[in-house]
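Structure data follow from start_13.txt (compact mmCIF, C-alpha atoms):
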```
# COMPACT_ATOMS: atom_id res chain seq x y z
CA MET A 1 64.50 30.24 -63.76
CA HIS A 2 61.47 29.22 -61.75
CA ALA A 3 61.06 26.18 -63.93
CA ALA A 4 64.64 25.09 -63.18
CA LEU A 5 63.99 25.37 -59.48
CA ARG A 6 60.96 23.12 -59.80
CA ARG A 7 62.87 20.50 -61.76
CA HIS A 8 65.92 20.35 -59.37
CA PRO A 9 64.20 18.61 -56.38
CA ALA A 10 62.70 16.09 -58.75
CA ARG A 11 66.21 14.93 -59.71
CA LEU A 12 67.37 14.63 -56.02
CA ILE A 13 64.52 12.45 -54.74
CA PRO A 14 65.55 9.13 -56.36
CA VAL A 15 69.19 9.57 -55.26
CA LEU A 16 68.26 10.10 -51.60
CA ALA A 17 65.90 7.19 -51.69
CA ALA A 18 68.65 4.91 -52.99
CA ALA A 19 71.03 6.00 -50.21
CA GLY A 20 68.42 5.21 -47.59
CA LEU A 21 67.92 1.72 -48.96
CA LEU A 22 71.73 0.93 -48.78
CA THR A 23 71.95 2.05 -45.17
CA ALA A 24 69.03 -0.11 -44.22
CA CYS A 25 70.69 -3.14 -45.78
CA GLY A 26 73.82 -2.70 -43.62
CA GLY A 27 76.28 -1.53 -46.26
CA GLY A 28 76.71 -0.85 -49.87
CA ALA A 29 78.31 -3.01 -52.49
CA GLY A 30 81.71 -1.45 -51.68
CA SER A 31 81.69 -2.36 -47.92
CA THR A 32 84.14 -5.15 -46.71
CA LYS A 33 85.04 -6.91 -43.40
CA ALA A 34 88.11 -4.71 -43.28
CA ASP A 35 85.79 -1.77 -42.61
CA GLU A 36 84.54 -3.45 -39.41
CA PRO A 37 86.39 -2.97 -36.09
CA PRO A 38 88.49 -5.94 -34.91
CA ALA A 39 87.80 -7.67 -31.59
CA LYS A 40 89.23 -5.66 -28.71
CA VAL A 41 91.95 -7.59 -26.85
CA THR A 42 92.89 -6.85 -23.22
CA VAL A 43 96.00 -8.42 -21.70
CA THR A 44 96.64 -8.48 -17.96
CA PRO A 45 99.25 -7.51 -16.77
CA ALA A 46 98.93 -4.46 -18.97
CA ALA A 47 101.08 -3.96 -22.04
CA GLY A 48 104.13 -1.79 -21.48
CA SER A 49 104.27 -2.46 -17.76
CA LYS A 50 107.83 -2.43 -16.40
CA ALA A 51 106.99 -3.73 -12.93
CA ALA A 52 103.96 -6.00 -13.17
CA LYS A 53 102.99 -7.41 -9.79
CA LEU A 54 103.97 -10.96 -8.90
CA GLY A 55 101.55 -13.64 -7.82
CA SER A 56 99.06 -13.37 -10.67
CA ALA A 57 98.31 -15.37 -13.79
CA ILE A 58 98.39 -13.93 -17.31
CA SER A 59 94.91 -13.35 -18.67
CA VAL A 60 93.74 -12.39 -22.16
CA ARG A 61 90.19 -11.27 -23.00
CA ALA A 62 88.47 -10.48 -26.27
CA ALA A 63 85.46 -8.16 -26.57
CA GLY A 64 83.39 -8.13 -29.74
CA GLY A 65 84.82 -11.41 -30.98
CA LYS A 66 86.77 -14.53 -30.08
CA LEU A 67 90.37 -15.53 -29.56
CA THR A 68 91.50 -18.04 -32.16
CA SER A 69 95.05 -18.42 -30.78
CA VAL A 70 97.15 -17.17 -27.88
CA ASP A 71 100.93 -17.62 -27.81
CA VAL A 72 102.88 -16.46 -24.74
CA LYS A 73 106.65 -16.66 -24.39
CA ASP A 74 109.09 -15.38 -21.79
CA ASP A 75 112.42 -13.70 -22.49
CA LYS A 76 114.25 -17.06 -22.24
CA GLY A 77 112.18 -18.54 -25.04
CA GLY A 78 110.00 -20.60 -22.72
CA THR A 79 106.38 -21.15 -23.67
CA VAL A 80 103.62 -20.38 -21.18
CA ASP A 81 100.80 -22.91 -21.23
CA GLY A 82 97.22 -21.83 -20.67
CA ARG A 83 93.57 -22.62 -21.23
CA LEU A 84 91.05 -21.06 -23.60
CA SER A 85 87.53 -20.66 -22.27
CA GLY A 86 84.70 -22.62 -23.85
CA ASP A 87 83.24 -19.53 -25.54
CA GLY A 88 86.65 -18.46 -26.87
CA THR A 89 86.52 -15.02 -25.25
CA SER A 90 89.25 -15.51 -22.62
CA TRP A 91 92.55 -17.31 -22.02
CA THR A 92 94.31 -17.82 -18.66
CA SER A 93 97.83 -19.11 -18.04
CA ASP A 94 98.19 -22.33 -16.05
CA GLY A 95 100.81 -20.80 -13.77
CA LYS A 96 101.78 -17.41 -12.41
CA VAL A 97 104.27 -14.87 -13.71
CA LYS A 98 107.92 -15.26 -12.71
CA PRO A 99 110.00 -12.49 -11.12
CA ALA A 100 112.05 -10.14 -13.33
CA THR A 101 110.78 -11.67 -16.55
CA THR A 102 109.58 -10.12 -19.80
CA TYR A 103 106.60 -11.78 -21.48
CA THR A 104 105.34 -11.33 -25.02
CA VAL A 105 101.69 -12.19 -25.71
CA ARG A 106 100.65 -12.72 -29.33
CA THR A 107 96.98 -13.13 -30.18
CA ARG A 108 94.79 -13.83 -33.18
CA THR A 109 91.12 -12.96 -33.13
CA THR A 110 87.99 -13.05 -35.23
CA SER A 111 85.42 -10.33 -34.63
CA ASP A 112 81.69 -10.95 -34.42
CA GLN A 113 81.45 -9.63 -38.01
CA GLY A 114 84.17 -12.04 -39.16
CA ARG A 115 87.16 -9.69 -39.29
CA LYS A 116 90.46 -11.45 -38.48
CA ALA A 117 93.24 -9.60 -36.69
CA ALA A 118 96.58 -10.19 -34.95
CA ALA A 119 98.08 -8.26 -32.03
CA SER A 120 101.09 -8.31 -29.72
CA SER A 121 101.59 -7.16 -26.12
CA THR A 122 104.71 -7.09 -23.93
CA PHE A 123 105.19 -6.54 -20.19
CA THR A 124 107.90 -7.10 -17.57
CA THR A 125 107.38 -8.33 -14.01
CA GLU A 126 108.91 -6.83 -10.89
CA LYS A 127 111.97 -8.28 -9.18
CA ALA A 128 111.67 -10.43 -6.05
CA ASP A 129 113.47 -9.48 -2.85
CA LYS A 130 114.30 -13.16 -2.24
CA ILE A 131 114.24 -16.26 -4.46
CA ASN A 132 113.48 -19.70 -3.01
CA LYS A 133 115.05 -22.75 -4.63
CA LEU A 134 114.85 -26.46 -3.97
CA THR A 135 116.97 -29.61 -4.10
CA ASN A 136 115.24 -32.80 -5.17
CA THR A 137 116.10 -36.35 -4.14
CA PRO A 138 116.47 -38.61 -6.02
CA GLY A 139 118.14 -36.76 -8.85
CA GLY A 140 116.73 -36.87 -12.34
CA GLY A 141 117.47 -40.08 -14.21
CA GLN A 142 118.52 -42.10 -11.17
CA THR A 143 117.55 -45.71 -10.49
CA VAL A 144 116.74 -46.20 -6.81
CA GLY A 145 115.44 -48.75 -4.33
CA THR A 146 111.85 -49.72 -3.61
CA GLY A 147 111.68 -47.67 -0.40
CA MET A 148 112.79 -44.35 -1.89
CA PRO A 149 110.62 -41.31 -1.15
CA ILE A 150 110.54 -38.21 -3.31
CA SER A 151 112.18 -35.60 -1.11
CA ILE A 152 112.21 -31.85 -1.84
CA LEU A 153 114.39 -29.66 0.38
CA PHE A 154 113.82 -25.89 0.25
CA ASP A 155 116.55 -23.27 0.57
CA HIS A 156 114.33 -20.97 2.64
CA PRO A 157 111.41 -21.48 5.04
CA ILE A 158 107.90 -22.20 3.78
CA SER A 159 105.15 -20.34 5.64
CA GLN A 160 102.33 -22.48 6.99
CA ASP A 161 99.73 -20.53 5.02
CA ARG A 162 101.63 -21.16 1.73
CA ARG A 163 102.05 -24.90 2.05
CA ALA A 164 98.71 -25.96 0.58
CA GLU A 165 99.29 -23.93 -2.62
CA ILE A 166 102.81 -25.33 -3.01
CA GLU A 167 101.65 -28.89 -2.39
CA LYS A 168 98.93 -28.50 -5.04
CA ALA A 169 101.57 -27.35 -7.54
CA LEU A 170 103.56 -30.59 -7.11
CA LYS A 171 102.34 -33.49 -9.25
CA VAL A 172 103.56 -37.10 -9.22
CA SER A 173 102.81 -39.44 -12.13
CA THR A 174 103.75 -43.12 -12.11
CA GLN A 175 103.67 -46.04 -14.49
CA PRO A 176 102.14 -48.29 -13.26
CA LYS A 177 99.82 -46.27 -11.04
CA VAL A 178 100.98 -46.08 -7.42
CA THR A 179 99.06 -44.56 -4.49
CA GLY A 180 101.01 -42.07 -2.39
CA ALA A 181 100.88 -38.72 -0.61
CA TRP A 182 102.92 -35.61 0.16
CA GLY A 183 103.93 -34.83 3.74
CA TRP A 184 105.68 -31.81 5.26
CA VAL A 185 108.88 -32.59 7.16
CA LYS A 186 111.49 -30.66 9.13
CA ASP A 187 114.83 -31.81 7.75
CA TYR A 188 117.67 -32.75 10.12
CA SER A 189 119.44 -29.60 8.88
CA GLY A 190 116.57 -27.48 10.16
CA LYS A 191 115.26 -26.63 6.70
CA ASP A 192 111.71 -27.21 5.48
CA ARG A 193 111.08 -30.25 3.33
CA ILE A 194 108.19 -32.01 1.62
CA ASP A 195 108.34 -35.74 0.83
CA TRP A 196 106.09 -38.01 -1.23
CA ARG A 197 105.99 -41.65 -0.21
CA PRO A 198 103.98 -44.49 -1.68
CA LYS A 199 101.44 -46.21 0.56
CA ASP A 200 103.47 -49.39 0.22
CA TYR A 201 106.92 -50.04 -1.22
CA TRP A 202 107.33 -49.25 -4.91
CA PRO A 203 106.99 -52.09 -7.42
CA SER A 204 110.30 -52.70 -9.20
CA GLY A 205 110.44 -51.08 -12.62
CA THR A 206 108.07 -48.22 -11.79
CA LYS A 207 108.68 -45.05 -13.82
CA VAL A 208 108.17 -41.88 -11.77
CA SER A 209 107.69 -38.32 -13.06
CA VAL A 210 107.58 -35.25 -10.81
CA LYS A 211 106.48 -31.81 -12.00
CA GLY A 212 106.47 -28.69 -9.87
CA ALA A 213 104.61 -25.70 -11.35
CA LEU A 214 106.14 -23.43 -8.73
CA SER A 215 107.21 -20.36 -10.71
CA GLY A 216 105.48 -17.24 -9.46
CA ILE A 217 104.37 -18.76 -6.15
CA ASN A 218 105.24 -16.92 -2.96
CA SER A 219 106.62 -19.16 -0.19
CA GLY A 220 106.23 -16.45 2.46
CA ASP A 221 108.07 -13.38 3.71
CA ALA A 222 111.00 -15.43 5.02
CA GLY A 223 111.19 -17.69 1.98
CA GLY A 224 110.57 -15.46 -1.03
CA TRP A 225 109.32 -16.35 -4.50
CA PHE A 226 109.91 -19.35 -6.71
CA ALA A 227 111.35 -18.29 -10.05
CA ARG A 228 111.13 -21.51 -12.06
CA ASP A 229 109.23 -24.75 -12.57
CA TYR A 230 110.73 -28.18 -11.90
CA ASP A 231 110.51 -31.41 -13.86
CA PHE A 232 112.44 -34.61 -13.10
CA GLY A 233 111.98 -38.35 -13.18
CA PHE A 234 113.54 -41.56 -11.94
CA THR A 235 113.11 -45.34 -12.03
CA ILE A 236 112.59 -47.91 -9.30
CA GLY A 237 115.18 -50.65 -9.50
CA ALA A 238 115.55 -54.12 -8.01
CA ASP A 239 113.71 -55.10 -4.83
CA HIS A 240 116.67 -55.35 -2.47
CA LYS A 241 116.09 -55.11 1.28
CA ALA A 242 117.96 -56.00 4.46
CA VAL A 243 116.85 -56.97 7.95
CA ILE A 244 119.08 -56.67 11.01
CA ASP A 245 118.31 -59.03 13.89
CA VAL A 246 120.05 -57.26 16.77
CA PRO A 247 120.04 -60.11 19.36
CA ALA A 248 121.34 -62.54 16.71
CA HIS A 249 124.07 -60.11 15.52
CA ARG A 250 122.91 -60.83 11.96
CA LEU A 251 122.05 -58.91 8.78
CA THR A 252 120.03 -60.80 6.16
CA MET A 253 119.65 -59.67 2.55
CA TYR A 254 116.45 -60.23 0.58
CA GLU A 255 115.82 -60.00 -3.16
CA ASN A 256 112.16 -60.00 -4.19
CA GLY A 257 111.38 -61.32 -0.72
CA LYS A 258 113.81 -64.25 -1.00
CA ASN A 259 116.73 -64.72 1.42
CA VAL A 260 119.93 -64.36 -0.61
CA GLY A 261 122.47 -64.40 2.22
CA SER A 262 123.25 -63.45 5.80
CA ILE A 263 126.31 -62.04 7.51
CA THR A 264 127.22 -61.47 11.14
CA GLY A 265 128.31 -58.22 12.73
CA SER A 266 127.96 -55.97 15.72
CA ALA A 267 125.00 -53.65 16.38
CA GLY A 268 124.76 -50.93 19.00
CA SER A 269 125.63 -51.64 22.60
CA PRO A 270 123.05 -51.45 25.43
CA GLN A 271 124.36 -47.94 26.09
CA ASP A 272 124.05 -46.87 22.41
CA PRO A 273 121.43 -49.22 20.92
CA THR A 274 120.84 -49.18 17.17
CA ARG A 275 117.76 -47.24 16.06
CA GLY A 276 114.83 -49.53 15.30
CA GLY A 277 112.17 -49.59 12.58
CA VAL A 278 112.51 -49.35 8.82
CA HIS A 279 115.30 -47.08 7.54
CA THR A 280 115.95 -45.97 3.97
CA VAL A 281 119.47 -45.92 2.53
CA ARG A 282 120.14 -42.22 1.96
CA SER A 283 123.74 -42.26 0.66
CA LYS A 284 126.89 -44.37 0.42
CA ASN A 285 130.64 -43.79 0.72
CA ALA A 286 133.38 -46.16 -0.35
CA ALA A 287 135.71 -44.77 2.31
CA GLU A 288 135.06 -42.54 5.30
CA THR A 289 136.55 -41.47 8.62
CA MET A 290 134.41 -42.24 11.68
CA ASP A 291 134.66 -39.21 13.95
CA SER A 292 133.23 -39.63 17.46
CA ALA A 293 132.64 -35.90 17.75
CA THR A 294 129.90 -36.04 15.09
CA ILE A 295 127.67 -38.18 17.33
CA GLY A 296 128.35 -36.52 20.67
CA HIS A 297 131.26 -38.64 21.93
CA GLY A 298 133.91 -35.95 21.89
CA SER A 299 137.37 -37.09 20.75
CA GLU A 300 137.04 -40.76 21.79
CA TRP A 301 137.90 -42.14 18.34
CA MET A 302 138.87 -41.30 14.78
CA LEU A 303 138.69 -44.47 12.69
CA ASP A 304 138.96 -45.12 8.96
CA SER A 305 136.21 -47.28 7.53
CA GLN A 306 135.25 -48.64 4.11
CA TRP A 307 131.99 -49.45 2.31
CA VAL A 308 129.84 -47.16 4.40
CA THR A 309 126.06 -47.25 3.84
CA HIS A 310 124.26 -44.31 5.47
CA LEU A 311 120.83 -44.74 7.06
CA THR A 312 120.09 -41.77 9.35
CA ALA A 313 121.50 -38.26 9.11
CA SER A 314 122.53 -38.47 12.76
CA GLY A 315 124.99 -41.32 12.16
CA THR A 316 123.38 -44.75 11.92
CA PHE A 317 125.52 -46.52 9.33
CA LEU A 318 126.39 -49.97 8.03
CA HIS A 319 130.18 -50.15 7.63
CA SER A 320 133.39 -52.12 7.93
CA ALA A 321 134.77 -52.32 11.46
CA PRO A 322 138.13 -54.11 11.23
CA TRP A 323 139.06 -52.81 14.69
CA ASN A 324 136.17 -54.72 16.32
CA LYS A 325 137.27 -58.19 17.46
CA SER A 326 133.80 -59.17 18.67
CA LEU A 327 131.86 -59.16 15.38
CA GLY A 328 129.04 -61.69 15.45
CA VAL A 329 129.49 -62.22 19.20
CA VAL A 330 128.77 -58.98 21.06
CA ASN A 331 126.81 -55.87 20.17
CA ASN A 332 129.27 -53.18 21.18
CA SER A 333 129.12 -50.43 18.56
CA HIS A 334 127.87 -46.89 19.12
CA GLY A 335 124.66 -47.46 17.17
CA CYS A 336 125.96 -48.58 13.77
CA PHE A 337 126.14 -52.12 12.42
CA GLY A 338 129.79 -53.04 11.94
CA MET A 339 131.09 -55.91 9.76
CA THR A 340 134.25 -57.29 8.28
CA THR A 341 135.50 -55.31 5.31
CA SER A 342 134.50 -58.01 2.81
CA ASP A 343 130.99 -58.33 4.29
CA ALA A 344 130.55 -54.56 4.36
CA LYS A 345 131.30 -54.48 0.63
CA LYS A 346 128.70 -57.19 -0.01
CA VAL A 347 126.05 -55.08 1.75
CA TYR A 348 127.29 -51.91 0.07
CA ASP A 349 126.99 -53.48 -3.37
CA PHE A 350 123.63 -55.15 -2.65
CA LEU A 351 121.77 -52.13 -1.26
CA SER A 352 121.10 -49.12 -3.48
CA ILE A 353 120.06 -45.61 -2.53
CA GLY A 354 116.41 -46.00 -1.56
CA SER A 355 116.66 -49.62 -0.38
CA THR A 356 115.24 -50.30 3.08
CA VAL A 357 116.95 -51.75 6.14
CA GLU A 358 114.70 -52.93 8.97
CA VAL A 359 116.16 -53.16 12.47
CA LYS A 360 114.46 -55.69 14.76
CA GLY A 361 114.99 -56.59 18.40
CA THR A 362 116.72 -53.38 19.45
CA SER A 363 116.37 -52.04 22.97
CA ASN A 364 116.23 -48.48 21.64
CA PRO A 365 112.66 -47.25 22.35
CA ASN A 366 112.99 -44.03 20.39
CA LYS A 367 111.38 -43.67 16.98
CA THR A 368 113.65 -41.94 14.48
CA ASP A 369 112.27 -38.58 13.32
CA VAL A 370 111.13 -38.61 9.71
CA GLY A 371 113.50 -35.74 8.83
CA ASN A 372 116.54 -37.56 10.23
CA GLY A 373 117.38 -38.97 6.80
CA LEU A 374 114.73 -40.38 4.46
CA GLU A 375 112.82 -41.93 7.34
CA VAL A 376 109.30 -41.93 5.88
CA TRP A 377 108.74 -45.60 6.81
CA GLN A 378 108.99 -44.82 10.51
CA GLU A 379 105.30 -43.87 10.35
CA THR A 380 102.18 -45.77 9.37
CA TRP A 381 100.31 -44.74 6.21
CA GLN A 382 97.61 -43.12 8.37
CA GLN A 383 100.20 -41.13 10.34
CA TRP A 384 101.94 -40.05 7.15
CA GLN A 385 98.76 -38.70 5.56
CA GLN A 386 98.32 -36.31 8.48
CA ARG A 387 101.44 -34.45 7.33
CA SER A 388 99.72 -33.16 4.19
CA ALA A 389 98.71 -29.49 4.14
CA LEU A 390 95.61 -30.52 2.17
CA LYS A 391 94.14 -32.87 4.77
```
Show me the file's structure as structure tokens.
Amino acid sequence: MHAALRRHPARLIPVLAAAGLLTACGGGAGSTKADEPPAKVTVTPAAGSKAAKLGSAISVRAAGGKLTSVDVKDDKGGTVDGRLSGDGTSWTSDGKVKPATTYTVRTRTTSDQGRKAAASSTFTTEKADKINKLTNTPGGGQTVGTGMPISILFDHPISQDRRAEIEKALKVSTQPKVTGAWGWVKDYSGKDRIDWRPKDYWPSGTKVSVKGALSGINSGDAGGWFARDYDFGFTIGADHKAVIDVPAHRLTMYENGKNVGSITGSAGSPQDPTRGGVHTVRSKNAAETMDSATIGHGSEWMLDSQWVTHLTASGTFLHSAPWNKSLGVVNNSHGCFGMTTSDAKKVYDFLSIGSTVEVKGTSNPNKTDVGNGLEVWQETWQQWQQRSALK
């Protein structure tokens, strides 16, 4: 019995020694990468959240490894773009989360020990008390004149302290490259607006793309949140312009700087002189009723006109004036430029939305407010740049 006890430890010693050697080498022959822990992934906003706060980006972080892919989609199937850090340990969305939206974040990682893993995380953002929307001019796909600004009209007010962030989120790309700038404007309707105008008139044929990464941006307590991004484009058409010489009662049309025809008409009277400077054609109507009440003249007249080209929002138009027997002789309109019906159609057909009309020789000393139509050319380039919230 005593002999057996002496022999027993002798058999255990080599076994224990072998176990110690395997531990020191970091694992036995049966160990695999599957035995190692995967990289720990943290998604913000947190998974399972039913009311994630607005105004933040989506962030993904990996501890103990690297992210090899991050795929984020919202509940409408839209893909969220983002950037992976240089060391592969974090990913951040380019924009911010939208209101009342469910996001699914799918990740793939490789741990420091080489273990690969996949994970999924879902969260829902809180609702917004108010949603702000916008209307863009020109519309997507349009072909417009060489004086056309990009004009964005907001449904609700934009707080002063939010304007810089919103302006940064709006990007204009052109082919060929064109220098321009955003400027904040109070629209004639009283709503807030931001316009982009080129330093000089657009070159014909320019392709313009506008992207607004606005989703998830707060426009202020009175305006609310933006719930979507915007993406539209348009093309600059022929270089058609017009110049009105008020004392000569004449409108001259120019194509690529070349005189292609003049017509006579009647500009504003000394009591209601036509607004001067460079105007931009904002809209056109084939037929329209001229109502004196709309420009502060009560019920003096109600006249049917054709081929109406709108300049200002307050009522400076180019139009047919068959009732006027002094066309080409006396300036006696209430601020518009009236013509025969056939001449009005020529002008209507020649000028497109975004074409410019310069009024020279008027006695009207008042500069038209930029928001009274698409009046961005009423200011010099230096004056316009001061309207940016990023100056």
Grab the CA of Thr340 (chain A) to CA of Ala321 (chain A) distance for me, in Å with one decimal place.
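So the two atoms, CA of Thr340 (chain A) and CA of Ala321 (chain A), lie 5.9 Å apart.
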Quick one: distance from CA of Thr174 (chain A) to CA of Lys207 (chain A) in Å, one decimal?
5.6 Å
Shell of 9 Å around Thr102 (chain A), all atoms listed in the file, local chain residues under 6 positions omitted, as a PyMOL selection string
chain A and resi 50+73-76+122-125
Selected residue, from A:Ser388, A:Ser85, A:Ser173, A:Thr92, that lies nearest to Phe232 (chain A) when counting all atoms listed in the file
A:Ser173
Spatial neighbours of Val357 (chain A), max dist 8 Å, only C-alpha atoms, sep filter under 5 positions, as a ChimeraX atom specification:
/A:241-244,278-281
Saved selection, atoms kept: C-alpha atoms, as a PDB file, in the frame of the given file:
```pdb
ATOM      1  CA  LYS A 241     116.090 -55.110   1.280  1.00  0.00           C
ATOM      2  CA  ALA A 242     117.960 -56.000   4.460  1.00  0.00           C
ATOM      3  CA  VAL A 243     116.850 -56.970   7.950  1.00  0.00           C
ATOM      4  CA  ILE A 244     119.080 -56.670  11.010  1.00  0.00           C
ATOM      5  CA  VAL A 278     112.510 -49.350   8.820  1.00  0.00           C
ATOM      6  CA  HIS A 279     115.300 -47.080   7.540  1.00  0.00           C
ATOM      7  CA  THR A 280     115.950 -45.970   3.970  1.00  0.00           C
ATOM      8  CA  VAL A 281     119.470 -45.920   2.530  1.00  0.00           C
TER       9      VAL A 281
END
```
Need to verify the contact set: region 154-160 of chain A, 10 Å, only C-alpha atoms, exclusion of same-chain residues closer than 4 positions in sequence. Can you return it as a list in words?
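The filter keeps Lys130, Ile131, Asn132, Lys133, Leu134, Thr135, Asn136, Ala164, Ile166, Trp184, Asp187, Gly190, Lys191, Asp192, Arg193, Ile194, Asn218, Ser219, Gly220, Asp221, Ala222, Gly223, Gly224, Trp225 and Ala389 of chain A.
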Point-to-point distance in Å for CA of Gly212 (chain A) and CA of Leu54 (chain A):
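Here the two named atoms are 17.9 Å from each other.
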Hey, what's within 9 Å of region 364-377 of chain A if we count all atoms listed in the file and toss same-chain stuff fewer than 2 positions away? As a VMD selection string, please?
chain A and resid 147 to 149 151 185 to 190 193 195 to 197 270 272 to 282 310 to 314 354 356 361 to 362 379 to 381 384
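The closest residue to Asp343 (chain A), picked from A:Leu303, A:Arg387, A:Gly265, A:Asn324 and counting only C-alpha atoms, is A:Gly265.
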Would you kindly return, as a list in words, each protein, DNA or RNA residue with an atom no farther than 8 Å from any atom of Ser262 (chain A), considering all atoms listed in the file and excluding same-chain residues fewer than 3 positions away?
Arg250, Leu251, Thr252, Met253 and Asn259 of chain A
Find, counting only C-alpha atoms, the residue in A:Thr104, A:Pro176, A:Pro198, A:Ser59 that gets nearest to Leu84 (chain A).
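Going through A:Thr104, A:Pro176, A:Pro198, A:Ser59 one by one, the smallest distance to Leu84 (chain A) is for A:Ser59.
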Of the candidates A:Leu153, A:Val72, A:Ala286, A:Val97, which one gets nearest to Ala57 (chain A) if we count all atoms listed in the file?
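Of the candidates, the smallest distance to Ala57 (chain A) is held by A:Val97.
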Using all atoms listed in the file, collect all residues at a distance of at most 6 Å from (103.8, -29.1, -8.8) as written in the file, then present them as a ChimeraX atom specification.
/A:169-171,211-213
